[in-house]
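**Q** Handing over start25.pdb, PDB, C-alpha atoms.
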ATOM      1  CA  MET A   1      14.806 -45.974 335.728
ATOM      2  CA  ILE A   2      17.978 -45.015 333.874
ATOM      3  CA  LYS A   3      19.157 -48.645 333.776
ATOM      4  CA  GLU A   4      16.157 -49.472 331.583
ATOM      5  CA  ASN A   5      17.323 -46.932 328.993
ATOM      6  CA  ILE A   6      20.949 -47.883 328.374
ATOM      7  CA  LEU A   7      22.372 -45.798 325.518
ATOM      8  CA  PHE A   8      26.023 -46.801 325.668
ATOM      9  CA  SER A   9      28.090 -49.965 325.894
ATOM     10  CA  ASP A  10      30.803 -48.496 328.145
ATOM     11  CA  ALA A  11      30.048 -49.754 331.662
ATOM     12  CA  ALA A  12      31.977 -46.918 333.329
ATOM     13  CA  LEU A  13      30.061 -44.296 331.318
ATOM     14  CA  ASN A  14      26.746 -45.946 332.130
ATOM     15  CA  ALA A  15      27.681 -45.918 335.809
ATOM     16  CA  GLU A  16      28.312 -42.164 335.600
ATOM     17  CA  ILE A  17      24.937 -41.641 333.917
ATOM     18  CA  GLU A  18      23.202 -43.768 336.538
ATOM     19  CA  LYS A  19      24.851 -41.731 339.298
ATOM     20  CA  HIS A  20      24.352 -38.217 337.942
ATOM     21  CA  GLY A  21      21.571 -38.409 335.338
ATOM     22  CA  ARG A  22      17.870 -37.895 335.942
ATOM     23  CA  VAL A  23      14.954 -39.218 333.915
ATOM     24  CA  ARG A  24      12.053 -36.810 333.479
ATOM     25  CA  SER A  25       8.619 -37.513 331.976
ATOM     26  CA  LEU A  26       7.003 -34.813 329.831
ATOM     27  CA  LYS A  27       3.516 -34.346 328.402
ATOM     28  CA  LYS A  28       2.582 -33.331 324.857
ATOM     29  CA  ASP A  29       2.911 -29.555 324.237
ATOM     30  CA  GLU A  30       4.896 -29.022 327.446
ATOM     31  CA  VAL A  31       7.720 -26.486 327.044
ATOM     32  CA  LEU A  32      10.987 -27.992 328.269
ATOM     33  CA  VAL A  33      13.153 -24.910 327.761
ATOM     34  CA  LYS A  34      12.617 -21.438 326.331
ATOM     35  CA  PRO A  35      14.929 -18.633 325.136
ATOM     36  CA  GLY A  36      16.742 -16.953 327.990
ATOM     37  CA  ASP A  37      16.607 -19.956 330.317
ATOM     38  CA  GLY A  38      19.841 -21.001 331.932
ATOM     39  CA  ILE A  39      21.148 -24.326 330.622
ATOM     40  CA  LEU A  40      21.596 -26.562 333.665
ATOM     41  CA  PHE A  41      21.363 -29.870 331.827
ATOM     42  CA  VAL A  42      21.526 -31.330 328.334
ATOM     43  CA  PRO A  43      18.472 -33.397 327.358
ATOM     44  CA  ILE A  44      18.821 -36.791 325.699
ATOM     45  CA  VAL A  45      15.519 -38.106 324.370
ATOM     46  CA  LEU A  46      14.633 -41.600 325.578
ATOM     47  CA  LYS A  47      11.016 -41.803 324.392
ATOM     48  CA  GLY A  48       8.746 -39.598 322.302
ATOM     49  CA  SER A  49      10.037 -36.525 320.484
ATOM     50  CA  LEU A  50      10.812 -32.825 320.963
ATOM     51  CA  ARG A  51      10.289 -29.959 318.505
ATOM     52  CA  ILE A  52      13.099 -27.405 318.458
ATOM     53  CA  ILE A  53      12.234 -23.820 317.531
ATOM     54  CA  ARG A  54      14.375 -20.692 317.250
ATOM     55  CA  GLN A  55      12.647 -17.721 318.851
ATOM     56  CA  ASP A  56      13.886 -14.132 318.792
ATOM     57  CA  GLU A  57      13.416 -11.421 321.410
ATOM     58  CA  GLU A  58      10.147 -10.324 319.785
ATOM     59  CA  GLY A  59       8.688 -13.817 319.992
ATOM     60  CA  GLN A  60       8.939 -14.586 316.276
ATOM     61  CA  GLU A  61       9.640 -18.253 315.634
ATOM     62  CA  VAL A  62      11.280 -20.521 313.072
ATOM     63  CA  PHE A  63      10.997 -24.321 313.198
ATOM     64  CA  LEU A  64      14.427 -26.004 313.168
ATOM     65  CA  TYR A  65      14.221 -29.775 313.693
ATOM     66  CA  HIS A  66      12.918 -32.641 315.830
ATOM     67  CA  LEU A  67      14.748 -34.754 318.375
ATOM     68  CA  TYR A  68      14.003 -38.478 318.527
ATOM     69  CA  PRO A  69      15.040 -41.256 320.955
ATOM     70  CA  GLY A  70      18.799 -41.390 321.346
ATOM     71  CA  GLN A  71      19.299 -37.811 320.119
ATOM     72  CA  THR A  72      20.286 -34.616 321.919
ATOM     73  CA  CYS A  73      20.126 -30.942 321.007
ATOM     74  CA  ALA A  74      23.228 -29.388 319.420
ATOM     75  CA  MET A  75      21.945 -25.902 320.255
ATOM     76  CA  SER A  76      21.805 -26.825 323.960
ATOM     77  CA  LEU A  77      25.305 -28.301 323.746
ATOM     78  CA  THR A  78      26.616 -25.095 322.194
ATOM     79  CA  CYS A  79      24.932 -22.880 324.783
ATOM     80  CA  CYS A  80      26.120 -24.888 327.779
ATOM     81  CA  GLN A  81      29.703 -25.085 326.540
ATOM     82  CA  SER A  82      29.823 -21.326 325.922
ATOM     83  CA  GLY A  83      28.044 -20.524 329.182
ATOM     84  CA  LYS A  84      25.183 -18.757 327.398
ATOM     85  CA  THR A  85      21.461 -18.964 328.058
ATOM     86  CA  SER A  86      19.146 -20.930 325.768
ATOM     87  CA  MET A  87      18.624 -19.629 322.238
ATOM     88  CA  ILE A  88      15.845 -22.075 321.409
ATOM     89  CA  LYS A  89      12.468 -23.311 322.596
ATOM     90  CA  ALA A  90      12.009 -27.046 323.046
ATOM     91  CA  ILE A  91       8.402 -28.268 322.920
ATOM     92  CA  VAL A  92       7.234 -31.820 323.560
ATOM     93  CA  GLU A  93       5.779 -33.075 320.291
ATOM     94  CA  GLU A  94       4.388 -36.234 321.891
ATOM     95  CA  ASP A  95       4.584 -37.593 325.433
ATOM     96  CA  ALA A  96       8.266 -38.072 326.118
ATOM     97  CA  GLU A  97      10.943 -39.168 328.546
ATOM     98  CA  ILE A  98      14.295 -37.425 328.596
ATOM     99  CA  LEU A  99      17.565 -38.071 330.356
ATOM    100  CA  GLN A 100      18.929 -34.894 331.923
ATOM    101  CA  VAL A 101      22.740 -34.763 331.980
ATOM    102  CA  PRO A 102      24.276 -32.004 334.168
ATOM    103  CA  VAL A 103      26.209 -29.532 332.014
ATOM    104  CA  ASN A 104      29.205 -29.515 334.356
ATOM    105  CA  LEU A 105      29.899 -33.144 333.371
ATOM    106  CA  MET A 106      29.788 -32.679 329.595
ATOM    107  CA  GLU A 107      33.493 -32.022 329.062
ATOM    108  CA  GLU A 108      34.614 -34.295 331.890
ATOM    109  CA  TRP A 109      32.931 -37.234 330.159
ATOM    110  CA  TYR A 110      34.953 -36.622 326.999
ATOM    111  CA  LYS A 111      37.437 -39.040 328.564
ATOM    112  CA  TYR A 112      35.003 -41.735 327.447
ATOM    113  CA  PRO A 113      35.488 -42.268 323.679
ATOM    114  CA  GLU A 114      31.881 -43.410 323.240
ATOM    115  CA  TRP A 115      30.531 -40.207 324.815
ATOM    116  CA  LYS A 116      32.862 -38.024 322.739
ATOM    117  CA  ALA A 117      31.742 -39.801 319.553
ATOM    118  CA  TYR A 118      28.083 -39.458 320.584
ATOM    119  CA  ILE A 119      28.374 -35.693 321.054
ATOM    120  CA  SER A 120      30.303 -35.301 317.797
ATOM    121  CA  ASN A 121      27.742 -37.316 315.820
ATOM    122  CA  ASN A 122      24.873 -35.269 317.244
ATOM    123  CA  TYR A 123      26.610 -32.030 316.268
ATOM    124  CA  THR A 124      27.082 -33.364 312.743
ATOM    125  CA  ASN A 125      23.504 -34.583 312.331
ATOM    126  CA  ARG A 126      21.868 -31.468 313.793
ATOM    127  CA  PHE A 127      24.127 -29.241 311.666
ATOM    128  CA  ALA A 128      22.969 -31.083 308.536
ATOM    129  CA  GLU A 129      19.337 -30.539 309.571
ATOM    130  CA  LEU A 130      19.986 -26.842 310.195
ATOM    131  CA  MET A 131      21.570 -26.497 306.755
ATOM    132  CA  GLN A 132      18.445 -28.037 305.234
ATOM    133  CA  VAL A 133      16.291 -25.473 307.031
ATOM    134  CA  ILE A 134      18.577 -22.624 305.930
ATOM    135  CA  ASP A 135      18.441 -23.843 302.320
ATOM    136  CA  LEU A 136      14.652 -23.999 302.459
ATOM    137  CA  ILE A 137      14.422 -20.466 303.819
ATOM    138  CA  ALA A 138      17.061 -18.975 301.540
ATOM    139  CA  PHE A 139      16.512 -20.792 298.274
ATOM    140  CA  SER A 140      13.003 -22.278 298.298
ATOM    141  CA  ASN A 141       9.520 -20.895 298.029
ATOM    142  CA  MET A 142       7.288 -20.852 301.082
ATOM    143  CA  ASP A 143       5.276 -23.796 299.712
ATOM    144  CA  LYS A 144       8.337 -26.061 299.995
ATOM    145  CA  GLN A 145       9.015 -24.823 303.528
ATOM    146  CA  LEU A 146       5.396 -25.501 304.428
ATOM    147  CA  LEU A 147       5.412 -29.013 302.988
ATOM    148  CA  HIS A 148       8.687 -29.801 304.782
ATOM    149  CA  TYR A 149       7.194 -28.548 308.051
ATOM    150  CA  LEU A 150       4.056 -30.670 307.678
ATOM    151  CA  GLU A 151       6.059 -33.768 306.750
ATOM    152  CA  GLU A 152       8.369 -33.368 309.752
ATOM    153  CA  ARG A 153       5.485 -32.836 312.180
ATOM    154  CA  CYS A 154       3.656 -35.904 310.817
ATOM    155  CA  LYS A 155       6.827 -37.979 311.025
ATOM    156  CA  ALA A 156       7.391 -36.987 314.650
ATOM    157  CA  LEU A 157       3.814 -37.887 315.608
ATOM    158  CA  ASN A 158       3.661 -40.988 313.384
ATOM    159  CA  THR A 159       0.434 -39.758 311.849
ATOM    160  CA  LYS A 160      -0.984 -38.355 308.628
ATOM    161  CA  VAL A 161      -3.373 -35.949 310.346
ATOM    162  CA  LEU A 162      -2.245 -32.896 312.306
ATOM    163  CA  ASP A 163      -4.571 -31.138 314.716
ATOM    164  CA  ILE A 164      -3.255 -27.650 314.106
ATOM    165  CA  THR A 165      -4.463 -24.198 313.095
ATOM    166  CA  HIS A 166      -3.169 -22.106 310.229
ATOM    167  CA  GLN A 167      -2.103 -19.475 312.763
ATOM    168  CA  GLN A 168       0.030 -21.989 314.683
ATOM    169  CA  ILE A 169       1.808 -22.935 311.465
ATOM    170  CA  ALA A 170       2.303 -19.295 310.550
ATOM    171  CA  ASP A 171       3.846 -18.572 313.948
ATOM    172  CA  GLU A 172       6.423 -21.359 313.618
ATOM    173  CA  LEU A 173       7.254 -20.550 309.996
ATOM    174  CA  HIS A 174       7.457 -16.804 310.633
ATOM    175  CA  ALA A 175       4.779 -16.106 308.029
ATOM    176  CA  HIS A 176       1.391 -14.413 307.791
ATOM    177  CA  ARG A 177      -1.650 -16.604 308.440
ATOM    178  CA  GLU A 178      -3.252 -15.473 305.179
ATOM    179  CA  VAL A 179      -0.203 -16.699 303.233
ATOM    180  CA  ILE A 180      -0.282 -20.099 304.950
ATOM    181  CA  SER A 181      -4.025 -20.459 304.332
ATOM    182  CA  ARG A 182      -3.614 -19.618 300.650
ATOM    183  CA  LEU A 183      -0.739 -22.086 300.230
ATOM    184  CA  LEU A 184      -2.697 -24.829 302.000
ATOM    185  CA  ARG A 185      -5.661 -24.311 299.700
ATOM    186  CA  THR A 186      -3.336 -24.573 296.713
ATOM    187  CA  MET A 187      -1.781 -27.729 298.162
ATOM    188  CA  GLU A 188      -5.272 -29.165 298.629
ATOM    189  CA  GLN A 189      -6.049 -28.495 294.975
ATOM    190  CA  LYS A 190      -2.864 -30.388 294.077
ATOM    191  CA  LYS A 191      -4.057 -33.241 296.343
ATOM    192  CA  LEU A 192      -1.054 -32.919 298.639
ATOM    193  CA  VAL A 193      -3.192 -32.279 301.699
ATOM    194  CA  LYS A 194      -6.796 -32.478 302.826
ATOM    195  CA  LEU A 195      -8.001 -29.605 304.982
ATOM    196  CA  GLY A 196     -10.445 -29.989 307.866
ATOM    197  CA  ARG A 197     -11.567 -27.819 310.742
ATOM    198  CA  ASN A 198      -8.300 -27.086 312.554
ATOM    199  CA  SER A 199      -6.780 -30.205 311.002
ATOM    200  CA  ILE A 200      -4.576 -31.045 308.027
ATOM    201  CA  GLU A 201      -4.194 -34.485 306.516
ATOM    202  CA  LEU A 202      -1.008 -35.143 304.577
ATOM    203  CA  LEU A 203      -1.833 -37.237 301.522
ATOM    204  CA  ASN A 204       0.464 -39.740 299.874
ATOM    205  CA  LYS A 205       2.414 -38.196 297.042
TER     206      LYS A 205
END
Just dump the structure as structure tokens.
**A**
Amino acid sequence: MIKENILFSDAALNAEIEKHGRVRSLKKDEVLVKPGDGILFVPIVLKGSLRIIRQDEEGQEVFLYHLYPGQTCAMSLTCCQSGKTSMIKAIVEEDAEILQVPVNLMEEWYKYPEWKAYISNNYTNRFAELMQVIDLIAFSNMDKQLLHYLEERCKALNTKVLDITHQQIADELHAHREVISRLLRTMEQKKLVKLGRNSIELLNK
């Protein structure tokens, strides 16, 4: 029920959400949206988390950021406001519930100051996360990108152990599997991670 997941204090805004919004349950690894999909709604995370990935026409991927409860996707907001199709892939990191807000109501709800501030804050926060990713790609070595990726995935799942293959990491970091495997072995020697069969444990630094 939407009433059980109140995000705002404005009663009129909450009434609009109750009338037009829809809560959807998602399972781990389910793909919510992929590049080229039409944007019919903007997702607001209520429970769990989503992993946002940029994917080009050739299927090459770059991990961008995670969405946690109370957050929405700035990329989806940009696409819906410009009338473009999705430029990202949203994957359920862990079982989640999202609130789907119809895109045709986004601008209309700007009459509510709390909604306008919410959208603005999400743009600001997601932009800061994107800048961090850009800095890592442009100015850092792959080992720093890899460590950042592992830390973010562990944070989203609230765990120290990821059940993941080197190839899956390589796909989302747009790198060769051999490079990822070599970096992970080096990180293991530095006692940053512990490698298992299709698993990686992030050790305390």
**Q** Using all atoms listed in the file, tabulate the residues of segment 45-106 of chain A lying at most 6 Å from any atom of segment 16-31 of chain A, each with its closest atom pair and that distance in Å to one decimal, by chain and increasing residue number, as a tab-separated table.
**A**
residue	atom	partner	partner_atom	distance
A:Ala90	CA	A:Val31	CA	5.9
A:Ile91	CA	A:Val31	CA	4.5
A:Val92	CA	A:Asp29	CA	4.9
A:Glu93	CA	A:Lys28	CA	5.6
A:Glu94	CA	A:Lys28	CA	4.5
A:Asp95	CA	A:Lys27	CA	4.5
A:Ala96	CA	A:Leu26	CA	5.1
A:Glu97	CA	A:Ser25	CA	4.5
A:Ile98	CA	A:Arg24	CA	5.4
A:Leu99	CA	A:Val23	CA	4.6
A:Gln100	CA	A:Arg22	CA	5.1
A:Val101	CA	A:Gly21	CA	5.1
**Q** Applied to the shown file, which residues does the PyMOL selection byres ((chain A and resi 66-77) around 6) return, written as an mmCIF file with C-alpha atoms, keeping the file's coordinate frame?
**A**
data_model
loop_
_atom_site.group_PDB
_atom_site.id
_atom_site.type_symbol
_atom_site.label_atom_id
_atom_site.label_comp_id
_atom_site.auth_asym_id
_atom_site.auth_seq_id
_atom_site.Cartn_x
_atom_site.Cartn_y
_atom_site.Cartn_z
ATOM 1 C CA PRO A 43 18.472 -33.397 327.358
ATOM 2 C CA ILE A 44 18.821 -36.791 325.699
ATOM 3 C CA VAL A 45 15.519 -38.106 324.370
ATOM 4 C CA LEU A 46 14.633 -41.600 325.578
ATOM 5 C CA LYS A 47 11.016 -41.803 324.392
ATOM 6 C CA SER A 49 10.037 -36.525 320.484
ATOM 7 C CA LEU A 50 10.812 -32.825 320.963
ATOM 8 C CA ARG A 51 10.289 -29.959 318.505
ATOM 9 C CA ILE A 52 13.099 -27.405 318.458
ATOM 10 C CA TYR A 65 14.221 -29.775 313.693
ATOM 11 C CA THR A 78 26.616 -25.095 322.194
ATOM 12 C CA CYS A 79 24.932 -22.880 324.783
ATOM 13 C CA CYS A 80 26.120 -24.888 327.779
ATOM 14 C CA TYR A 123 26.610 -32.030 316.268
#
**Q** So what does the PyMOL selection byres ((chain A and resi 179) around 12) actually pick up in this one, as a ChimeraX atom specification?
**A** /A:141-143,146,166-167,169-171,173-178,180-186
**Q** With only C-alpha atoms as the atoms that count, which of A:Asn125, A:Gln189, A:Ser140, A:Ser199 lies nearest to Leu162 of chain A?
**A** A:Ser199
**Q** Set the distance at 9 Å and use all atoms listed in the file: which residues neighbour Asp56 of chain A once local chain neighbours fewer than 3 positions away are removed? I'd like the list as a list in words.
**A**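 After dropping sequence-adjacent residues, the list is Pro35, Gly59, Gln60, Glu61, Val62, Met87 and Ile88 of chain A.
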**Q** Looking at A:Val103, A:Phe41, A:Lys144, A:Trp115, which one is nearest to Leu7 of chain A, with distances taken over only C-alpha atoms?
**A**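 When distances to Leu7 of chain A are compared using only C-alpha atoms, the smallest one comes from A:Trp115.
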**Q** Rounded to one decimal, what separation in Å do you get between atom CA of Arg153 of chain A and atom CA of Val42 of chain A?
**A**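 Computing it gives 22.8 Å between the two atoms.
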**Q** Each side padded by 4 Å, which centre and which edge lengths in Å (one decimal) define the axis-aligned box around the listed atoms of segment 100-117 of chain A? Give them as JSON.
**A**
{"center_x": 28.2, "center_y": -36.5, "center_z": 327.0, "size_x": 26.5, "size_y": 21.9, "size_z": 22.8}
**Q** Between A:Glu114, A:Glu108, A:Asp135, A:Glu129, which residue has the minimum interatomic distance to Leu64 of chain A, considering only C-alpha atoms?
**A**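 Of all the options, A:Glu129 lies closest to Leu64 of chain A.
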**Q** How would you write as a ChimeraX atom specification the residues that get within 12 Å of (27.9, -46.7, 327.0) in the file's frame, counting all atoms listed in the file?
**A** /A:3,5-18,70,109,112-118
**Q** Could you jot down the atom CA of Ile39 of chain A to atom CA of Glu172 of chain A separation for me, Å, one decimal place?
**A** 22.7 Å
**Q** Could you tell me how far atom CA of Arg126 of chain A lies from atom CA of Met187 of chain A, in Å and to one decimal?
**A**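 Calculated distance between atom CA of Arg126 of chain A and atom CA of Met187 of chain A is 28.6 Å.
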